[in-house]
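Colleague: File name model28.txt; file contents compact mmCIF, C-alpha atoms; full text below.
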```txt
# COMPACT_ATOMS: atom_id res chain seq x y z
CA MET A 1 -70.40 18.18 144.95
CA ASN A 2 -68.93 19.99 147.96
CA LEU A 3 -65.28 20.24 148.96
CA LEU A 4 -65.26 17.24 151.28
CA GLU A 5 -66.98 15.07 148.66
CA LYS A 6 -64.42 16.10 146.04
CA GLU A 7 -61.50 15.36 148.35
CA ASP A 8 -62.98 11.98 149.25
CA LEU A 9 -63.62 11.15 145.59
CA ALA A 10 -60.04 12.09 144.72
CA ARG A 11 -58.61 9.80 147.43
CA THR A 12 -60.85 6.89 146.47
CA LYS A 13 -60.29 7.19 142.73
CA ALA A 14 -56.54 7.70 143.13
CA GLU A 15 -56.40 4.23 144.70
CA GLU A 16 -58.80 2.63 142.24
CA LEU A 17 -57.10 4.07 139.15
CA GLU A 18 -53.48 3.75 140.22
CA HIS A 19 -52.93 0.85 137.84
CA ALA A 20 -55.35 1.97 135.12
CA SER A 21 -54.08 2.96 131.70
CA PRO A 22 -53.75 6.66 130.85
CA GLU A 23 -56.55 6.25 128.32
CA ASP A 24 -58.89 4.77 130.94
CA ILE A 25 -58.10 7.61 133.34
CA ILE A 26 -58.84 10.15 130.63
CA ARG A 27 -62.14 8.44 129.82
CA TYR A 28 -63.14 8.42 133.49
CA ALA A 29 -62.18 12.07 133.90
CA ILE A 30 -64.19 13.21 130.88
CA GLU A 31 -67.23 11.10 131.71
CA THR A 32 -67.28 12.26 135.34
CA PHE A 33 -66.36 15.89 134.69
CA PRO A 34 -67.52 16.87 131.19
CA ASN A 35 -66.50 20.46 131.90
CA ILE A 36 -62.81 19.57 131.82
CA THR A 37 -59.74 20.96 130.08
CA PHE A 38 -56.17 19.95 129.34
CA ALA A 39 -53.20 22.26 129.96
CA CYS A 40 -50.68 21.82 127.16
CA SER A 41 -47.12 23.16 127.18
CA PHE A 42 -46.13 21.28 123.99
CA GLY A 43 -43.48 19.26 125.83
CA ALA A 44 -43.08 15.54 125.21
CA GLU A 45 -45.59 14.49 127.87
CA ASP A 46 -48.20 16.94 126.67
CA VAL A 47 -48.04 16.04 122.98
CA VAL A 48 -48.69 12.43 124.05
CA LEU A 49 -51.80 13.51 125.93
CA VAL A 50 -52.99 15.65 123.02
CA ASP A 51 -52.77 12.56 120.82
CA MET A 52 -54.71 10.47 123.35
CA LEU A 53 -57.38 13.15 123.73
CA GLN A 54 -57.87 13.42 119.99
CA LYS A 55 -58.55 9.69 119.87
CA ILE A 56 -60.84 9.65 122.93
CA SER A 57 -62.58 13.02 123.05
CA PRO A 58 -61.51 15.46 120.32
CA SER A 59 -64.01 18.07 121.50
CA THR A 60 -62.34 18.48 124.91
CA ASP A 61 -60.79 21.94 125.33
CA ILE A 62 -57.00 22.14 125.21
CA PHE A 63 -55.37 25.40 126.24
CA TYR A 64 -51.85 26.73 126.44
CA LEU A 65 -50.36 29.61 128.38
CA ASP A 66 -48.80 31.99 125.87
CA THR A 67 -46.21 33.78 127.99
CA ASP A 68 -44.93 35.66 124.89
CA PHE A 69 -41.51 34.22 125.76
CA HIS A 70 -41.71 30.72 124.27
CA PHE A 71 -39.09 29.34 121.91
CA LYS A 72 -39.77 29.65 118.19
CA GLU A 73 -39.75 25.84 118.07
CA THR A 74 -42.54 25.67 120.65
CA TYR A 75 -44.82 27.86 118.55
CA GLU A 76 -43.95 25.80 115.48
CA THR A 77 -44.87 22.61 117.36
CA ARG A 78 -48.22 24.19 118.26
CA ASP A 79 -48.87 25.05 114.62
CA LYS A 80 -47.97 21.58 113.38
CA MET A 81 -50.24 19.93 115.93
CA GLN A 82 -53.15 22.21 115.06
CA GLU A 83 -52.72 21.28 111.41
CA ASN A 84 -52.27 17.55 112.02
CA TYR A 85 -55.29 17.18 114.30
CA ASN A 86 -57.42 19.93 112.75
CA LEU A 87 -57.90 21.58 116.13
CA GLU A 88 -57.53 25.02 117.64
CA PHE A 89 -55.74 25.33 120.95
CA VAL A 90 -57.20 27.88 123.35
CA ARG A 91 -54.63 30.64 123.79
CA VAL A 92 -54.43 32.13 127.30
CA SER A 93 -52.37 35.32 127.63
CA PRO A 94 -51.11 37.42 130.55
CA LYS A 95 -53.00 40.61 131.32
CA ILE A 96 -49.98 42.75 130.45
CA THR A 97 -47.60 42.71 127.49
CA PRO A 98 -43.85 42.17 127.85
CA GLU A 99 -43.38 45.89 127.25
CA GLU A 100 -45.85 46.80 130.00
CA GLN A 101 -44.19 44.33 132.34
CA ALA A 102 -40.79 45.89 131.70
CA ALA A 103 -42.18 49.37 132.35
CA GLN A 104 -43.86 48.30 135.59
CA HIS A 105 -41.30 45.84 136.99
CA GLY A 106 -38.04 46.58 135.19
CA GLU A 107 -36.25 45.00 132.27
CA GLU A 108 -35.62 41.26 132.36
CA MET A 109 -37.87 40.58 135.33
CA TRP A 110 -37.22 36.86 134.82
CA LYS A 111 -33.72 37.53 136.18
CA SER A 112 -34.51 39.93 139.02
CA ASP A 113 -37.73 38.26 140.17
CA PRO A 114 -38.39 34.93 138.42
CA ASN A 115 -41.26 34.04 140.74
CA GLY A 116 -42.94 37.36 140.06
CA CYS A 117 -42.50 36.89 136.33
CA CYS A 118 -44.04 33.42 136.49
CA ASN A 119 -46.92 34.75 138.54
CA ILE A 120 -47.73 37.38 135.93
CA ARG A 121 -47.21 35.30 132.82
CA LYS A 122 -48.28 31.84 134.02
CA VAL A 123 -50.00 31.55 137.39
CA GLU A 124 -52.53 34.38 137.02
CA PRO A 125 -53.53 33.34 133.47
CA LEU A 126 -53.84 29.72 134.62
CA THR A 127 -55.98 30.72 137.60
CA ARG A 128 -58.20 32.70 135.25
CA ILE A 129 -58.74 29.91 132.71
CA LEU A 130 -59.19 27.15 135.30
CA SER A 131 -61.95 29.13 137.01
CA GLN A 132 -64.12 28.21 134.00
CA TYR A 133 -63.77 24.44 134.53
CA ASP A 134 -64.53 21.71 137.06
CA ALA A 135 -61.42 19.63 136.39
CA TRP A 136 -58.14 19.66 134.48
CA ILE A 137 -55.69 17.18 133.01
CA THR A 138 -51.90 17.58 133.19
CA GLY A 139 -48.79 15.82 131.93
CA ILE A 140 -47.12 15.60 135.34
CA ARG A 141 -44.89 12.56 135.90
CA ARG A 142 -43.50 11.45 139.25
CA ASP A 143 -39.92 11.06 138.09
CA GLN A 144 -39.71 14.57 136.61
CA ALA A 145 -38.71 16.19 139.90
CA PRO A 146 -38.71 15.51 143.67
CA THR A 147 -41.58 18.00 143.98
CA ARG A 148 -43.71 15.72 141.80
CA ALA A 149 -42.70 12.36 143.25
CA ASN A 150 -45.92 11.93 145.25
CA SER A 151 -48.34 13.00 142.52
CA LYS A 152 -51.52 10.92 142.38
CA LYS A 153 -53.39 9.92 139.24
CA VAL A 154 -56.40 11.74 140.70
CA GLU A 155 -56.11 14.70 143.08
CA TYR A 156 -58.17 17.52 144.44
CA ASP A 157 -56.25 20.64 143.48
CA SER A 158 -56.75 22.91 146.46
CA LYS A 159 -54.70 25.68 144.87
CA PHE A 160 -57.18 26.16 142.02
CA GLY A 161 -60.24 24.54 143.57
CA LEU A 162 -60.95 21.73 141.10
CA MET A 163 -60.22 18.09 140.34
CA LYS A 164 -56.88 17.29 138.75
CA PHE A 165 -55.98 14.23 136.68
CA ASN A 166 -52.40 13.13 135.96
CA PRO A 167 -52.91 10.15 133.60
CA ILE A 168 -49.22 9.42 132.96
CA ALA A 169 -47.94 10.11 136.48
CA HIS A 170 -46.37 6.65 136.66
CA TRP A 171 -44.71 6.76 133.23
CA THR A 172 -40.94 6.95 132.73
CA THR A 173 -39.24 9.13 130.15
CA GLU A 174 -38.84 6.04 127.97
CA ASP A 175 -42.57 5.32 128.19
CA VAL A 176 -43.24 8.82 126.86
CA TRP A 177 -40.86 8.48 123.95
CA GLN A 178 -42.03 4.97 123.13
CA TYR A 179 -45.55 6.33 122.71
CA ILE A 180 -44.29 9.20 120.55
CA ARG A 181 -42.41 6.75 118.31
CA ASP A 182 -45.20 4.18 118.13
CA ASN A 183 -47.83 6.79 117.25
CA ASN A 184 -45.68 9.10 115.13
CA VAL A 185 -46.57 12.07 117.33
CA VAL A 186 -45.23 15.54 116.49
CA TYR A 187 -42.88 16.82 119.18
CA ASN A 188 -40.76 19.87 119.93
CA PRO A 189 -37.43 19.50 118.07
CA LEU A 190 -35.63 21.11 121.01
CA HIS A 191 -35.96 17.73 122.74
CA ASP A 192 -33.37 16.46 120.25
CA GLN A 193 -30.99 19.26 121.26
CA ASN A 194 -30.59 18.45 124.97
CA TYR A 195 -33.72 20.25 126.16
CA PRO A 196 -35.61 17.57 128.16
CA SER A 197 -37.80 20.20 129.87
CA ILE A 198 -38.83 23.24 127.86
CA GLY A 199 -40.22 26.44 129.32
CA CYS A 200 -39.75 30.08 128.38
CA GLU A 201 -36.74 30.91 126.25
CA HIS A 202 -35.22 33.25 128.84
CA CYS A 203 -35.32 30.67 131.64
CA THR A 204 -34.45 27.44 129.84
CA ARG A 205 -31.03 26.17 128.82
CA GLN A 206 -29.63 22.96 127.43
CA VAL A 207 -28.95 20.15 129.90
CA MET A 208 -25.52 18.58 129.77
CA PRO A 209 -24.87 14.82 130.14
CA GLY A 210 -25.12 13.74 133.76
CA GLU A 211 -27.22 16.71 134.85
CA ASP A 212 -30.70 16.43 136.31
CA PRO A 213 -33.30 16.63 133.49
CA ARG A 214 -34.77 19.81 135.00
CA ALA A 215 -31.40 21.47 135.59
CA GLY A 216 -32.03 23.59 132.53
CA ARG A 217 -35.03 25.32 134.08
CA TRP A 218 -34.26 28.55 136.00
CA SER A 219 -30.57 27.63 136.06
CA GLY A 220 -28.69 29.53 138.73
CA ASN A 221 -31.78 29.89 140.94
CA ASP A 222 -33.16 27.63 143.65
CA LYS A 223 -36.47 27.80 141.77
CA THR A 224 -37.68 24.42 140.46
CA GLU A 225 -41.36 25.02 139.68
CA CYS A 226 -43.21 27.89 138.01
CA GLY A 227 -46.07 27.73 140.50
CA LEU A 228 -48.62 25.93 138.35
CA HIS A 229 -48.33 22.77 140.43
CA LYS A 230 -48.06 22.53 144.21
```
Any chance you could give the structure as structure tokens?
Modeller:
Amino acid sequence: MNLLEKEDLARTKAEELEHASPEDIIRYAIETFPNITFACSFGAEDVVLVDMLQKISPSTDIFYLDTDFHFKETYETRDKMQENYNLEFVRVSPKITPEEQAAQHGEEMWKSDPNGCCNIRKVEPLTRILSQYDAWITGIRRDQAPTRANSKKVEYDSKFGLMKFNPIAHWTTEDVWQYIRDNNVVYNPLHDQNYPSIGCEHCTRQVMPGEDPRAGRWSGNDKTECGLHK
């Protein structure tokens, strides 16, 4: 399938599947692109999709980007999910250690150059792992941020050169938590401590009542995305 065919397929299927259930979108994605993976950050949306995948296609690869800077609770959530589902998440690491990064770019690069830090610890590792697949699944939702408001259920991801599926793009925060409650899904306990969006420990803070849900990410910067999604 060439580029134009992929872009046309994405447009057509985005319209056809706009009102399909997340499970049906996942089934279509896996049947059409068997060489597919799911990017998991262990946030609320992603634990929902892990649960769905384990019910639909437990053999589908699920990876996470280990930046070396995650919260202790995030790693504990990973471990609990691996135990509960009897699965092994694929760990994807940066090419350099935190110590090497500090030596090359200075201490606390996440303060002096947050985009550069994300590029080293997230974007490059993601680019590397996605080069092995034909499609990927994400937990993007339209109401998470203005930058995600126009996300389609099916897209051609020109940044990474593969098909992209966002099965719960239309879901609200309440939809996510209703699924977690109904299915008794393990989730990151930081969500109960005013952390609606959880990234690296250095760049994530609690969100106070009345603040935007993503106000806790890169607080004090005009940065709103880590670069994984256009």
Colleague: Using only C-alpha atoms for the distances, tell me which of A:Thr173, A:Gln144, A:Thr204, A:Thr127 is nearest to A:Phe160.
Modeller: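 Residue with the minimum atom-to-atom distance to A:Phe160: A:Thr127.
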Colleague: Hey, which of A:Trp171, A:Phe42, A:Phe33, A:Tyr28 ends up closest to A:Trp136? Count all atoms listed in the file.
Modeller: A:Phe33
Colleague: When you count all atoms listed in the file, which of these residues is closest to A:Lys153: A:Arg217, A:Lys80, A:Lys13, A:Lys6?
Modeller: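 With all atoms listed in the file as the atom set, the closest residue is A:Lys13.
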Colleague: Kindly extract all protein, DNA and RNA residues lying within 10 Å of the coordinates (-36.4, 30.7, 131.3) given in the file, considering all atoms listed in the file, and supply them as a PyMOL selection string.
Modeller: chain A and resi 69-71+110-111+114+118+198-205+216-219+226
Colleague: For stretch 122-180 of chain A versus stretch 51-58 of chain A, which residues have an atom no more than 12 Å away, and what is each residue's nearest atom pair and distance in Å rounded to one decimal, using all atoms listed in the file, chain-then-number order, as JSON lines?
Modeller:
```
{"residue": "A:Ile137", "atom": "CA", "partner": "A:Leu53", "partner_atom": "CA", "distance": 10.3}
{"residue": "A:Thr138", "atom": "CA", "partner": "A:Leu53", "partner_atom": "CA", "distance": 11.8}
{"residue": "A:Gly139", "atom": "CA", "partner": "A:Met52", "partner_atom": "CA", "distance": 11.7}
{"residue": "A:Pro167", "atom": "CA", "partner": "A:Met52", "partner_atom": "CA", "distance": 10.4}
{"residue": "A:Ile168", "atom": "CA", "partner": "A:Met52", "partner_atom": "CA", "distance": 11.1}
{"residue": "A:Val176", "atom": "CA", "partner": "A:Asp51", "partner_atom": "CA", "distance": 11.9}
{"residue": "A:Tyr179", "atom": "CA", "partner": "A:Asp51", "partner_atom": "CA", "distance": 9.7}
{"residue": "A:Ile180", "atom": "CA", "partner": "A:Asp51", "partner_atom": "CA", "distance": 9.1}
```
